[in-house]
Every structure is written in C-alpha cells, then in structure tokens.
file work_28.cif (mmCIF, C-alpha atoms and all ligand atoms)
data_entry
loop_
_atom_site.label_atom_id
_atom_site.label_comp_id
_atom_site.auth_asym_id
_atom_site.auth_seq_id
_atom_site.Cartn_x
_atom_site.Cartn_y
_atom_site.Cartn_z
CA MET A 21 -62.05 35.35 8.77
CA ASN A 22 -64.86 33.18 10.16
CA PHE A 23 -66.36 34.42 13.38
CA ILE A 24 -66.88 31.86 16.09
CA ASN A 25 -68.50 31.90 19.45
CA THR A 26 -65.47 31.55 21.71
CA SER A 27 -67.63 30.66 24.72
CA LYS A 28 -68.54 27.44 22.90
CA ILE A 29 -64.99 26.27 22.17
CA ASN A 30 -64.50 22.73 23.42
CA TYR A 31 -61.34 22.02 25.38
CA CYS A 32 -59.73 18.67 26.03
CA LYS A 33 -60.43 17.54 29.59
CA ARG A 34 -56.86 16.33 30.05
CA CYS A 35 -54.61 18.88 28.29
CA LEU A 36 -55.18 22.54 27.35
CA TYR A 37 -55.74 22.25 23.59
CA SER A 38 -59.10 23.06 22.06
CA SER A 39 -60.85 21.92 18.91
CA LEU A 40 -59.52 25.12 17.28
CA HIS A 41 -55.93 23.80 17.16
CA PRO A 42 -54.64 24.84 13.71
CA LEU A 43 -53.30 21.34 12.98
CA GLY A 44 -56.79 19.89 13.54
CA LEU A 45 -57.77 17.98 16.66
CA ILE A 46 -60.62 15.63 17.53
CA LEU A 47 -62.29 15.28 20.94
CA ASP A 48 -63.72 11.84 21.72
CA GLU A 49 -66.91 11.02 23.64
CA GLU A 50 -65.01 11.29 26.94
CA GLY A 51 -63.79 14.76 26.02
CA ILE A 52 -60.17 13.64 25.56
CA CYS A 53 -58.31 14.93 22.50
CA SER A 54 -56.67 12.88 19.78
CA GLY A 55 -53.23 14.21 20.86
CA CYS A 56 -53.70 12.86 24.39
CA ARG A 57 -55.00 9.54 23.05
CA VAL A 58 -52.02 9.02 20.75
CA HIS A 59 -49.73 10.04 23.62
CA GLU A 60 -51.15 7.10 25.61
CA GLU A 61 -49.47 4.81 23.06
CA LYS A 62 -46.13 5.87 24.55
CA ASN A 63 -47.07 3.91 27.66
CA PHE A 64 -48.25 0.66 26.08
CA LEU A 65 -46.28 0.22 22.85
CA ASP A 66 -43.44 -2.28 23.00
CA TRP A 67 -40.55 0.11 22.38
CA ASP A 68 -38.03 -2.73 22.07
CA ILE A 69 -39.92 -3.99 19.04
CA ARG A 70 -40.19 -0.44 17.65
CA TRP A 71 -36.41 -0.01 18.13
CA LYS A 72 -35.64 -3.25 16.30
CA LYS A 73 -37.83 -2.07 13.45
CA LEU A 74 -35.77 1.13 13.27
CA GLN A 75 -32.49 -0.82 13.34
CA GLN A 76 -33.72 -3.03 10.53
CA LEU A 77 -34.94 -0.10 8.46
CA THR A 78 -31.74 1.94 8.79
CA SER A 79 -29.27 -0.94 8.46
CA SER A 80 -30.20 -1.34 4.80
CA TYR A 81 -28.93 2.22 4.20
CA LYS A 82 -25.45 1.61 5.66
CA VAL A 83 -22.92 2.15 2.91
CA ASN A 84 -19.79 0.85 4.71
CA ASN A 85 -17.36 1.93 2.00
CA GLY A 86 -16.00 5.01 3.78
CA LYS A 87 -16.65 7.13 0.71
CA THR A 88 -20.09 8.54 1.33
CA TYR A 89 -22.73 9.04 4.02
CA ASP A 90 -25.42 6.65 5.27
CA CYS A 91 -28.03 9.35 5.85
CA ILE A 92 -28.76 13.06 6.25
CA VAL A 93 -29.61 14.63 9.60
CA PRO A 94 -31.02 18.19 9.63
CA VAL A 95 -29.71 20.07 12.68
CA THR A 96 -29.87 23.44 14.44
CA GLY A 97 -28.30 24.87 17.59
CA GLY A 98 -31.50 24.11 19.52
CA ASN A 99 -34.41 21.71 19.82
CA ASP A 100 -33.78 17.99 19.51
CA SER A 101 -30.66 18.02 17.29
CA TYR A 102 -28.33 16.53 19.92
CA TYR A 103 -30.67 13.69 20.75
CA ILE A 104 -31.35 12.85 17.11
CA LEU A 105 -27.63 12.64 16.49
CA HIS A 106 -27.11 10.62 19.67
CA ILE A 107 -29.57 8.03 18.31
CA VAL A 108 -28.30 8.13 14.73
CA LYS A 109 -24.57 8.07 15.33
CA LYS A 110 -24.03 6.53 18.76
CA ARG A 111 -26.87 4.03 18.96
CA LEU A 112 -27.57 3.12 15.33
CA GLY A 113 -23.93 3.46 14.25
CA LEU A 114 -24.74 5.43 11.11
CA ASN A 115 -22.43 7.93 9.44
CA PRO A 116 -24.58 11.02 8.88
CA LEU A 117 -24.08 14.17 6.85
CA LEU A 118 -25.41 17.07 8.92
CA VAL A 119 -27.20 19.91 7.14
CA THR A 120 -28.31 23.22 8.57
CA TYR A 121 -30.26 26.12 7.10
CA ASN A 122 -29.20 29.53 8.40
CA LYS A 123 -32.31 31.29 9.66
CA TYR A 124 -30.46 34.58 10.37
CA PHE A 125 -32.09 35.13 13.80
CA ASN A 126 -29.29 33.19 15.50
CA THR A 127 -28.38 33.68 19.15
CA PRO A 128 -24.75 33.31 20.28
CA LEU A 129 -25.91 30.30 22.31
CA GLY A 130 -27.36 28.63 19.20
CA ILE A 131 -24.11 29.18 17.30
CA ARG A 132 -22.20 27.69 20.23
CA ASN A 133 -24.53 24.69 20.55
CA LEU A 134 -24.25 23.91 16.84
CA ALA A 135 -20.45 24.16 16.84
CA ASN A 136 -20.23 22.00 19.94
CA LEU A 137 -22.55 19.43 18.33
CA ARG A 138 -20.40 19.23 15.19
CA ILE A 139 -17.26 18.71 17.29
CA ARG A 140 -18.62 16.38 19.98
CA PHE A 141 -20.24 14.06 17.44
CA ASN A 142 -17.36 14.55 14.96
CA CYS A 143 -19.54 14.94 11.87
CA ASP A 144 -19.31 16.64 8.48
CA ILE A 145 -21.78 19.48 8.07
CA LEU A 146 -23.19 21.59 5.23
CA PHE A 147 -24.53 25.10 5.80
CA GLN A 148 -26.96 26.86 3.52
CA ASN A 149 -26.98 30.63 3.72
CA VAL A 150 -29.49 32.19 1.33
CA ASN A 151 -28.59 35.77 0.39
CA PRO A 152 -29.92 38.37 2.85
CA GLU A 153 -31.86 40.45 0.32
CA SER A 154 -34.05 37.56 -0.82
CA VAL A 155 -34.63 36.37 2.75
CA LYS A 156 -35.67 39.86 3.81
CA LYS A 157 -37.91 40.37 0.76
CA ILE A 158 -39.73 37.12 1.48
CA THR A 159 -39.97 37.86 5.21
CA ARG A 160 -41.42 41.32 4.51
CA SER A 161 -44.01 39.82 2.12
CA THR A 162 -45.08 36.87 4.27
CA LEU A 163 -45.25 39.04 7.39
CA ARG A 164 -47.57 41.49 5.64
CA GLU A 165 -49.80 38.91 3.94
CA PHE A 166 -49.83 35.87 6.24
CA GLY A 167 -48.59 37.34 9.52
CA SER A 168 -45.56 35.05 9.38
CA ILE A 169 -41.91 35.99 9.88
CA TYR A 170 -40.92 32.33 9.87
CA TRP A 171 -41.92 31.19 6.38
CA PRO A 172 -38.32 31.31 5.01
CA CYS A 173 -37.00 29.52 8.12
CA LEU A 174 -39.57 26.74 7.90
CA ALA A 175 -39.26 26.44 4.14
CA GLY A 176 -35.46 26.41 4.25
CA GLN A 177 -35.20 23.95 7.15
CA SER A 178 -37.62 21.54 5.51
CA VAL A 179 -36.29 21.73 1.94
CA PHE A 180 -32.51 22.03 2.19
CA PRO A 181 -32.09 18.45 3.52
CA VAL A 182 -34.25 17.13 0.66
CA GLN A 183 -32.27 19.07 -1.96
CA ILE A 184 -29.01 17.70 -0.54
CA ALA A 185 -30.43 14.16 -0.51
CA VAL A 186 -31.03 14.47 -4.25
CA LYS A 187 -27.76 16.25 -5.04
CA PHE A 188 -25.53 13.87 -3.04
CA LYS A 189 -27.67 10.78 -3.79
CA ILE A 190 -28.21 10.01 -0.08
CA PRO A 191 -31.73 8.58 0.10
CA LEU A 192 -32.37 8.52 3.87
CA ILE A 193 -33.20 11.66 5.88
CA ILE A 194 -33.70 11.25 9.63
CA TRP A 195 -35.90 13.73 11.54
CA GLY A 196 -36.85 13.86 15.23
CA ALA A 197 -40.52 13.74 16.21
CA HIS A 198 -43.48 14.45 13.92
CA GLN A 199 -45.25 17.58 15.14
CA GLY A 200 -48.68 16.48 13.88
CA LEU A 201 -48.38 13.22 15.79
CA GLU A 202 -46.95 14.70 18.99
CA GLN A 203 -49.34 17.65 19.33
CA VAL A 204 -52.67 16.54 17.93
CA GLY A 205 -52.39 12.81 17.29
CA MET A 206 -52.78 13.19 13.53
CA PHE A 207 -51.26 9.72 13.18
CA SER A 208 -50.57 6.75 15.42
CA HIS A 209 -46.91 5.87 16.16
CA GLU A 210 -47.64 2.57 14.44
CA ASN A 211 -48.48 4.30 11.15
CA ASP A 212 -44.69 4.82 10.73
CA VAL A 213 -45.55 8.11 9.03
CA GLU A 214 -42.81 9.56 6.83
CA MET A 215 -41.92 12.99 5.39
CA THR A 216 -44.22 14.24 2.64
CA ARG A 217 -44.40 17.21 0.30
CA TRP A 218 -48.09 17.49 1.30
CA TYR A 219 -47.50 17.92 5.05
CA ARG A 220 -44.69 20.39 4.46
CA LYS A 221 -46.85 22.59 2.26
CA ASN A 222 -50.07 22.44 4.23
CA HIS A 223 -48.77 22.59 7.77
CA ASP A 224 -45.20 23.91 7.79
CA LEU A 225 -45.67 26.47 5.02
CA LEU A 226 -49.23 27.71 5.67
CA GLY A 227 -50.37 26.11 2.41
CA ARG A 228 -47.95 28.14 0.26
CA GLU A 229 -45.06 26.56 -1.62
CA ALA A 230 -42.21 28.66 -2.97
CA ASP A 231 -43.86 28.91 -6.39
CA ASP A 232 -47.13 30.09 -4.85
CA LEU A 233 -45.29 33.11 -3.47
CA LEU A 234 -44.46 34.23 -7.03
CA SER A 235 -48.12 34.46 -7.95
CA ILE A 236 -49.11 36.14 -4.67
CA PHE A 237 -46.36 38.76 -4.49
CA ASP A 238 -45.28 40.88 -7.45
CA THR A 239 -42.33 41.98 -5.30
CA LEU A 240 -40.69 38.56 -5.52
CA ASN A 241 -38.84 37.07 -8.47
CA GLU A 242 -37.67 33.62 -9.47
CA ASP A 243 -34.19 34.33 -8.10
CA ASP A 244 -35.67 35.06 -4.66
CA ILE A 245 -37.54 31.79 -4.24
CA TRP A 246 -35.73 29.05 -6.17
CA GLN A 247 -33.65 28.01 -3.16
CA TYR A 248 -36.87 27.07 -1.37
CA ARG A 249 -38.29 24.88 -4.13
CA TYR A 250 -38.97 21.23 -3.27
CA PRO A 251 -37.31 18.77 -5.69
CA ASP A 252 -39.68 17.25 -8.26
CA ASP A 253 -41.04 13.72 -7.93
CA ALA A 254 -38.87 12.33 -10.72
CA SER A 255 -35.69 13.44 -8.90
CA LEU A 256 -36.94 12.13 -5.55
CA ASN A 257 -37.99 8.79 -7.01
CA SER A 258 -34.78 8.26 -8.94
CA ILE A 259 -32.79 8.44 -5.66
CA GLY A 260 -35.55 6.86 -3.52
CA VAL A 261 -35.53 9.77 -1.06
CA ARG A 262 -37.47 9.15 2.14
CA GLY A 263 -37.59 10.93 5.49
CA ILE A 264 -38.32 9.01 8.68
CA TYR A 265 -39.22 10.26 12.17
CA LEU A 266 -37.41 8.84 15.20
CA GLY A 267 -40.44 9.57 17.40
CA ASN A 268 -42.18 6.59 15.79
CA TYR A 269 -39.50 4.21 17.05
CA VAL A 270 -38.18 5.77 20.27
CA ARG A 271 -40.38 6.85 23.19
CA TRP A 272 -40.15 10.60 22.66
CA ASP A 273 -39.73 12.78 25.76
CA PRO A 274 -37.99 16.09 24.97
CA LYS A 275 -37.43 17.12 28.61
CA ALA A 276 -35.71 13.88 29.61
CA GLN A 277 -33.79 13.81 26.31
CA HIS A 278 -32.44 17.34 26.68
CA GLU A 279 -31.35 16.65 30.24
CA LEU A 280 -29.40 13.62 29.05
CA MET A 281 -27.82 15.72 26.27
CA ILE A 282 -26.79 18.42 28.76
CA LYS A 283 -25.08 15.77 30.86
CA GLU A 284 -23.50 13.72 28.08
CA TYR A 285 -22.57 16.27 25.43
CA GLY A 286 -22.71 19.74 26.98
CA TYR A 287 -25.88 21.06 25.33
CA LEU A 288 -26.64 24.47 26.85
CA ALA A 289 -30.15 25.68 27.73
CA ALA A 290 -31.56 29.18 28.23
CA ARG A 291 -34.32 30.91 30.12
CA PHE A 292 -37.09 32.72 28.22
CA ASN A 293 -39.68 35.11 29.59
CA ARG A 294 -42.54 33.61 27.53
CA THR A 295 -42.28 29.95 28.55
CA PHE A 296 -40.97 27.72 31.31
CA ASP A 297 -39.24 25.33 28.87
CA THR A 298 -35.55 26.21 28.68
CA TYR A 299 -34.52 23.62 26.08
CA ASP A 300 -36.39 24.38 22.82
CA HIS A 301 -35.45 27.14 20.39
CA VAL A 302 -32.50 28.56 22.35
CA ASP A 303 -30.88 29.21 18.95
CA CYS A 304 -33.40 31.87 17.86
CA TYR A 305 -34.17 35.45 18.92
CA ASN A 306 -37.64 35.29 17.38
CA PHE A 307 -39.19 31.87 17.82
CA MET A 308 -40.20 32.42 21.44
CA PHE A 309 -40.72 36.16 21.01
CA LEU A 310 -42.16 37.83 17.86
CA HIS A 311 -42.99 34.53 16.14
CA ASP A 312 -44.65 33.34 19.35
CA TRP A 313 -46.63 36.56 19.62
CA LEU A 314 -47.92 36.14 16.06
CA LYS A 315 -49.03 32.60 16.96
CA TYR A 316 -50.85 34.05 19.96
CA ILE A 317 -52.72 36.80 18.13
CA LYS A 318 -53.63 34.56 15.19
CA HIS A 319 -54.55 31.35 17.01
CA GLY A 320 -55.32 32.46 20.56
CA TYR A 321 -52.55 30.50 22.24
CA SER A 322 -48.77 30.58 22.31
CA LYS A 323 -45.88 28.13 22.55
CA VAL A 324 -46.13 27.86 26.32
CA THR A 325 -49.44 26.02 25.78
CA ASP A 326 -47.62 23.45 23.62
CA HIS A 327 -45.02 23.02 26.35
CA ALA A 328 -47.69 22.78 29.06
CA CYS A 329 -49.75 20.19 27.14
CA ARG A 330 -46.65 18.09 26.60
CA GLU A 331 -45.76 18.22 30.31
CA ILE A 332 -49.34 17.33 31.35
CA ARG A 333 -49.25 14.29 29.07
CA HIS A 334 -45.92 13.16 30.50
CA GLY A 335 -47.45 13.46 33.98
CA ARG A 336 -45.14 16.22 35.21
CA LEU A 337 -47.76 19.00 35.42
CA THR A 338 -51.36 19.02 36.60
CA ARG A 339 -53.93 20.64 34.31
CA SER A 340 -54.59 23.44 36.81
CA HIS A 341 -50.90 24.22 37.35
CA ALA A 342 -50.45 24.19 33.57
CA SER A 343 -53.33 26.66 33.14
CA PHE A 344 -51.76 28.97 35.67
CA LEU A 345 -48.41 28.86 33.87
CA VAL A 346 -49.98 29.49 30.46
CA GLU A 347 -51.97 32.44 31.74
CA LYS A 348 -48.82 33.89 33.25
CA TYR A 349 -46.34 33.37 30.43
CA GLN A 350 -48.41 34.09 27.34
CA LYS A 351 -48.92 37.67 28.50
CA GLN A 352 -45.27 38.45 29.01
CA PRO A 353 -43.78 41.16 26.79
CA VAL A 354 -42.17 40.32 23.49
CA LEU A 355 -38.46 41.07 23.64
CA HIS A 356 -35.84 41.49 20.91
CA ILE A 357 -38.21 43.51 18.70
CA ASP A 358 -35.49 46.14 18.15
CA LYS A 359 -33.25 43.54 16.55
CA PHE A 360 -35.97 42.46 14.15
CA CYS A 361 -36.89 46.02 13.13
CA GLU A 362 -33.25 46.87 12.52
CA TRP A 363 -32.66 43.66 10.52
CA LEU A 364 -35.72 44.13 8.31
CA ASN A 365 -35.35 47.93 8.20
CA ILE A 366 -38.90 48.49 9.37
CA LYS A 367 -40.22 51.04 11.89
CA HIS A 368 -41.79 49.90 15.16
CA SER A 369 -44.99 51.70 14.20
CA SER A 370 -45.18 49.86 10.85
CA LEU A 371 -44.60 46.52 12.55
CA ASN A 372 -47.26 47.34 15.10
CA PHE A 373 -49.69 48.24 12.31
CA ILE A 374 -49.04 44.93 10.55
CA LEU A 375 -49.43 42.96 13.79
CA ASN A 376 -52.80 44.61 14.36
CA THR A 377 -54.05 43.55 10.93
CA HIS A 378 -53.35 39.91 11.81
CA LYS A 379 -55.08 39.94 15.16
CA ASN A 380 -57.81 37.30 15.13
CA PRO A 381 -61.06 39.04 16.16
CA ASN A 382 -62.34 35.77 17.59
CA PHE A 383 -60.00 36.12 20.53
CA HIS A 384 -60.05 38.93 23.05
CA PHE A 385 -56.72 40.43 23.86
CA ASP A 386 -55.84 42.82 26.59
CA ASN A 387 -54.14 45.58 24.66
CA SER A 388 -52.44 46.91 27.75
CA TYR A 389 -49.69 44.34 27.34
CA TYR A 390 -49.87 44.41 23.56
CA SER A 391 -49.67 47.37 21.15
CA SER A 392 -47.91 50.13 23.04
CA LYS A 393 -45.98 48.37 25.76
CA LEU A 394 -45.11 45.44 23.55
CA LEU A 395 -42.80 47.42 21.34
CA GLU A 396 -41.04 49.21 24.09
CA LYS A 397 -38.25 47.75 26.13
CA ASN A 398 -40.48 46.16 28.66
CA ARG A 399 -38.70 43.88 31.07
CA PHE A 400 -39.82 40.71 32.71
CA ASN A 401 -39.68 40.93 36.47
CA SER A 402 -41.85 38.12 37.73
CA PRO A 403 -40.38 35.20 39.62
CA ILE A 404 -39.17 32.46 37.32
CA GLU A 405 -41.01 29.14 37.43
CA THR A 406 -38.35 27.13 35.66
CA GLU A 407 -36.53 26.05 38.79
CA GLU A 408 -39.76 24.88 40.36
CA LEU A 409 -40.39 22.75 37.27
CA SER A 410 -36.78 21.57 37.30
CA PHE A 411 -35.87 22.81 33.84
CA LEU A 412 -32.15 23.58 33.79
CA SER A 413 -30.75 26.78 32.27
CA HIS A 414 -27.28 28.13 31.57
CA SER A 415 -28.12 31.49 30.06
CA LYS A 416 -30.87 34.09 29.83
CA LEU A 417 -32.13 34.95 26.35
CA ASP A 418 -34.35 37.61 27.86
CA ASP A 419 -31.34 39.49 29.13
CA ASP A 420 -29.23 40.45 26.14
CA GLU A 421 -31.19 43.25 24.52
CA GLU A 422 -28.06 44.94 23.24
CA SER A 423 -26.77 42.07 21.11
CA ARG A 424 -27.56 41.44 17.43
CA TYR A 425 -28.40 38.44 15.29
CA VAL A 426 -25.31 36.37 14.56
CA THR A 427 -25.47 35.59 10.83
CA ILE A 428 -22.38 33.42 10.84
CA GLY A 429 -20.64 32.75 14.13
CA LYS A 430 -17.19 31.47 14.87
CA GLY A 431 -16.63 27.83 15.67
CA TYR A 432 -16.11 26.54 19.16
CA PRO A 433 -13.91 26.53 21.12
ZN ZN B 1 -55.68 16.58 25.16
#
call {"tool": "encode", "arguments": {"input": "work_28.cif", "output": "structure tokens"}}
result
Amino acid sequence: MNFINTSKINYCKRCLYSSLHPLGLILDEEGICSGCRVHEEKNFLDWDIRWKKLQQLTSSYKVNNGKTYDCIVPVTGGNDSYYILHIVKKRLGLNPLLVTYNKYFNTPLGIRNLANLRIRFNCDILFQNVNPESVKKITRSTLREFGSIYWPCLAGQSVFPVQIAVKFKIPLIIWGAHQGLEQVGMFSHENDVEMTRWYRKNHDLLGREADDLLSIFDTLNEDDIWQYRYPDDASLNSIGVRGIYLGNYVRWDPKAQHELMIKEYGYLAARFNRTFDTYDHVDCYNFMFLHDWLKYIKHGYSKVTDHACREIRHGRLTRSHASFLVEKYQKQPVLHIDKFCEWLNIKHSSLNFILNTHKNPNFHFDNSYYSSKLLEKNRFNSPIETEELSFLSHSKLDDDEESRYVTIGKGYP
C-alpha cells in the first residue's frame, strides 16, 4: 500500500471526486475533473443525431424472421434495466433476449421488479444460477484477499451475456451507461466506446480474470471458476459479438429515467440508510451495505459520493449540500450483516477481522461507527433526506432485518 499525504489530495471544484478516484480522473487547469467535463457534453451534443446513429446501428441487427432474437439485454431487478428495455423494445422496436445472473443477495423487491419487468415488457429471459458452493468459495477467497464480496456478481453479470451471445449466435449486446464515461470521463460520448475484455478485467474485476483466481487461490478448482470465463477471441469473432452502451446515444439521466419507469411500468424504489438515491441497487442486500462499506474503507468514499456527484452535475444539488449529504450518509451503520454471515457461514468477529485488514491507512476513519457498532444491529434514526431531494420510495430496505436472501423468488403476480 502506497502512503499518501491526504491533506494534499486535489478535489474537483465542481463535484466531490478527487484525483484518487480508482477509475482514474484528471483535473484540468481550472480544477474541474474529466468526469464533469465529459458530463458537459450532455448539454451540447445533438442528441437527435446521436439517436439516429443508434437507430442505424441497431437496425442492421434486426432479424425479422420470428425465429430468433435481435439482441441480448442484461437485466437485474434494480438499476437501469427498465429504461434500457424501454429504449430497446419500445423505442427501437428490437426483440431482445433478456439474461440475468443470480447474485444470491436478492431482496424480495428485486425479485418483484425483475418479474414485473419480464411481464410488462413481455420478453423471454434466461437465468444463470451458479451452484452455491462455488459462489461461496470464491466470495470467501476474494473477500479475504481483495476485500471484495462482489467479484462473483460482477464477473457473472459481465460474462453471462457474452457467453449467451456466443452460444445462441446473437451478436449484439445492449448495455446502459458506461461507468468509466459517466463517473470519470474516461471517454467522450462521441468515442462510441463499446464493451471490451480489457475494461471488464481491469475495472470490473479488480484486474483478476477467472483464470487468475486459480493461480492465486489453492482453495479454488477449475469447476469453481469455469462459469466466469470470458469466451475466447476466436468464438467472439466468429459470431461478431459486440456490446454497445446506450449512454453514448441517449442523454443519460438515471433519476429522470427511473421516475419515468415508475410511472410507465411500475418500477418500485426503496429507501436506504447509506444514500439518498432510492432507485439504484434495490435488488441487493449488500451493494449499498457491506459492499459499500468495503468501498469506503478501501477508497475513502462510498456510493453516496457517486450519487451526489451525479446530482451536482445534473444541477439538482449544490456542492455544499452534496458535501453535507455525503458526510451524513457515509457514516451510517452497515445493515444486513447477519444475513451475509449466515449465508457465508462466517462469524461476525472473523468478518470484522478481515474488514480491518483491508482498511486503507491513508484514510482516517472514526472507529466509533465502525468495528464494534458496525456489526451490531445498529439502527438508523436520523431524518430522511430523500423526500427533500424528491426521490420516490415504495419500500424500506433498511427495515427488514429479519428476512433472508431470496435465491430464487416466485414470479409476479
Ligand atoms: Zn468533477
């Protein structure tokens, strides 16, 4: 671990990101970050032209024979799935095959949202459910070594659609926004950046592909990791597999999009204690809790900072109000730890020990809300800011401590 002088970290003058952002971020001579600069494109690009480009690109993949699919759309019971499908099916008129990787940490709301999506958009869907022993073995290993409980989720979500593209000979995969573009301005919208093996490995998977895990962990075998292996280039090239991002062609605004999806298709949102955004990740008991805490202790900031930066850029939050919200939410207790310990068969004390080993010494944490209190049932009692920020919610994910992960839920209704 490299030690840095945290008093000399440079922050963007517009949003709350610093030059330490793990995806890499550049500050220009005016002190504005590359993410904010690329966001400015949203306000001057001609989105009608971008849309026509998307129509042109996707129309060549229309099969029109009623016997197969035009494209693959990866979905979950949260995030941007509804909006992606709204664009793909309703506006572009494509016939998609939906694919979803079961991440195990499912909330009842996520199961409901996914079932409702399948029915409202009337689509075929494939589920991949990797056996629980392998998933737990990998989770145990990546938690210990990399401080990540999400490696199997990220690997599975990013590879299953590609495997299905090869297997079913459906070359086009359609994703939502590109995280590297949206957060740190890694690319311009006009680069039309597409899915790559390189980005998946280096940014989604912490630089470790499935095969790398075999050489790092003697606890894992071939039969634990093969489901996470990216297809080889020969297979990809023979089908012409490509993955495009809608955010390059549609002015991406998750808050506005989710609100439209709530109105049009009955997407349901939920309140979290660690962020004001009620729309992202409502399908997972860990993303905004233990996974978010790991992000915080490793990188010095948590998901609420991502939400706040996005809202500043869209002009709905001032920088000072955003700072206040971040300071408030990132210190809230991490709930649903009991569920995780029970699922992985690990003691609270062992989990706490592992968390401590991944704490980045460059950042100073107030342990009073961390080690001891964190792993107890500590409740969130502060006033909720979500109404003030006009984020809608239908449920409270911070209020169902007694429930368990739903591995496979029933359909809806
Ligand atoms: Zn910025």
call {"tool": "residues_near_ligand", "arguments": {"input": "work_28.cif", "ligand": "ligand ZN 1 (chain B)", "cutoff": "7 Å", "atoms": "all atoms listed in the file", "output": "ChimeraX atom specification"}}
result
/A:32-37,52-56
call {"tool": "closest_residue", "arguments": {"input": "work_28.cif", "among": "A:Asn126, A:Ser255, A:Asn380, A:Asn268", "to": "Trp71 of chain A", "atoms": "all atoms listed in the file"}}
result
A:Asn268
call {"tool": "closest_residue", "arguments": {"input": "work_28.cif", "among": "A:His278, A:His368, A:His414, A:His59", "to": "His209 of chain A", "atoms": "all atoms listed in the file"}}
result
A:His59
call {"tool": "atom_distance", "arguments": {"input": "work_28.cif", "atom1": "atom CA of Phe147 of chain A", "atom2": "atom CA of Asp253 of chain A"}}
result
24.3 Å
call {"tool": "closest_residue", "arguments": {"input": "work_28.cif", "among": "A:Lys275, A:Lys367, A:Arg164, A:Lys315", "to": "Leu409 of chain A", "atoms": "only C-alpha atoms"}}
result
A:Lys275
call {"tool": "atom_distance", "arguments": {"input": "work_28.cif", "atom1": "atom CA of Ser154 of chain A", "atom2": "atom CA of Glu362 of chain A"}}
result
16.3 Å
call {"tool": "closest_atom_pairs", "arguments": {"input": "work_28.cif", "of": "segment 237-344 of chain A", "to": "segment 84-102 of chain A", "cutoff": "9 Å", "atoms": "only C-alpha atoms", "output": "CSV"}}
result
residue,atom,partner,partner_atom,distance
A:Pro274,CA,A:Asp100,CA,7.2
A:Gln277,CA,A:Asp100,CA,8.0
A:His278,CA,A:Asp100,CA,7.3
A:Met281,CA,A:Tyr102,CA,6.4
A:Tyr285,CA,A:Tyr102,CA,8.0
A:Tyr287,CA,A:Tyr102,CA,7.5
A:Leu288,CA,A:Gly98,CA,8.8
A:Ala289,CA,A:Gly98,CA,8.5
A:Tyr299,CA,A:Asn99,CA,6.5
A:Asp300,CA,A:Asn99,CA,4.5
A:His301,CA,A:Gly98,CA,5.1
A:Val302,CA,A:Gly98,CA,5.4
A:Asp303,CA,A:Gly98,CA,5.2
A:Cys304,CA,A:Gly98,CA,8.2
call {"tool": "residues_around", "arguments": {"input": "work_28.cif", "residues": "Pro42 of chain A", "least_positions_apart": "2", "cutoff": "10 Å", "atoms": "only C-alpha atoms", "output": "count of residues only"}}
result
9
call {"tool": "closest_residue", "arguments": {"input": "work_28.cif", "among": "A:Leu364, A:Gly335, A:Glu347, A:Ile357", "to": "Asp273 of chain A", "atoms": "all atoms listed in the file"}}
result
A:Gly335
call {"tool": "build_atoms", "arguments": {"input": "work_28.cif", "residues": "segment 88-103 of chain A", "atoms": "N, CA and C atoms", "output": "PDB file, in the coordinates of the input"}}
result
ATOM      1  N   THR A  88     -18.921   7.657   1.325  1.00  0.00           N
ATOM      2  CA  THR A  88     -20.090   8.540   1.330  1.00  0.00           C
ATOM      3  C   THR A  88     -20.821   8.391   2.667  1.00  0.00           C
ATOM      4  N   TYR A  89     -21.991   9.014   2.757  1.00  0.00           N
ATOM      5  CA  TYR A  89     -22.730   9.040   4.020  1.00  0.00           C
ATOM      6  C   TYR A  89     -23.876   8.034   3.987  1.00  0.00           C
ATOM      7  N   ASP A  90     -24.297   7.590   5.182  1.00  0.00           N
ATOM      8  CA  ASP A  90     -25.420   6.650   5.270  1.00  0.00           C
ATOM      9  C   ASP A  90     -26.761   7.382   5.243  1.00  0.00           C
ATOM     10  N   CYS A  91     -26.759   8.630   5.741  1.00  0.00           N
ATOM     11  CA  CYS A  91     -28.030   9.350   5.850  1.00  0.00           C
ATOM     12  C   CYS A  91     -27.754  10.844   6.041  1.00  0.00           C
ATOM     13  N   ILE A  92     -28.829  11.617   5.994  1.00  0.00           N
ATOM     14  CA  ILE A  92     -28.760  13.060   6.250  1.00  0.00           C
ATOM     15  C   ILE A  92     -29.501  13.350   7.545  1.00  0.00           C
ATOM     16  N   VAL A  93     -28.917  14.189   8.395  1.00  0.00           N
ATOM     17  CA  VAL A  93     -29.610  14.630   9.600  1.00  0.00           C
ATOM     18  C   VAL A  93     -29.659  16.159   9.621  1.00  0.00           C
ATOM     19  N   PRO A  94     -30.866  16.735   9.521  1.00  0.00           N
ATOM     20  CA  PRO A  94     -31.020  18.190   9.630  1.00  0.00           C
ATOM     21  C   PRO A  94     -30.804  18.619  11.082  1.00  0.00           C
ATOM     22  N   VAL A  95     -29.988  19.636  11.301  1.00  0.00           N
ATOM     23  CA  VAL A  95     -29.710  20.070  12.680  1.00  0.00           C
ATOM     24  C   VAL A  95     -29.805  21.588  12.826  1.00  0.00           C
ATOM     25  N   THR A  96     -29.944  22.029  14.081  1.00  0.00           N
ATOM     26  CA  THR A  96     -29.870  23.440  14.440  1.00  0.00           C
ATOM     27  C   THR A  96     -29.086  23.516  15.746  1.00  0.00           C
ATOM     28  N   GLY A  97     -28.967  24.722  16.294  1.00  0.00           N
ATOM     29  CA  GLY A  97     -28.300  24.870  17.590  1.00  0.00           C
ATOM     30  C   GLY A  97     -29.294  24.785  18.736  1.00  0.00           C
ATOM     31  N   GLY A  98     -30.484  24.228  18.471  1.00  0.00           N
ATOM     32  CA  GLY A  98     -31.500  24.110  19.520  1.00  0.00           C
ATOM     33  C   GLY A  98     -32.291  22.832  19.355  1.00  0.00           C
ATOM     34  N   ASN A  99     -33.465  22.830  19.938  1.00  0.00           N
ATOM     35  CA  ASN A  99     -34.410  21.710  19.820  1.00  0.00           C
ATOM     36  C   ASN A  99     -33.808  20.333  20.095  1.00  0.00           C
ATOM     37  N   ASP A 100     -34.142  19.385  19.236  1.00  0.00           N
ATOM     38  CA  ASP A 100     -33.780  17.990  19.510  1.00  0.00           C
ATOM     39  C   ASP A 100     -32.539  17.514  18.765  1.00  0.00           C
ATOM     40  N   SER A 101     -31.773  18.431  18.161  1.00  0.00           N
ATOM     41  CA  SER A 101     -30.660  18.020  17.290  1.00  0.00           C
ATOM     42  C   SER A 101     -29.678  17.071  17.978  1.00  0.00           C
ATOM     43  N   TYR A 102     -29.316  17.373  19.224  1.00  0.00           N
ATOM     44  CA  TYR A 102     -28.330  16.530  19.920  1.00  0.00           C
ATOM     45  C   TYR A 102     -28.856  15.114  20.076  1.00  0.00           C
ATOM     46  N   TYR A 103     -30.112  15.016  20.485  1.00  0.00           N
ATOM     47  CA  TYR A 103     -30.670  13.690  20.750  1.00  0.00           C
ATOM     48  C   TYR A 103     -30.809  12.873  19.466  1.00  0.00           C
TER      49      TYR A 103
END
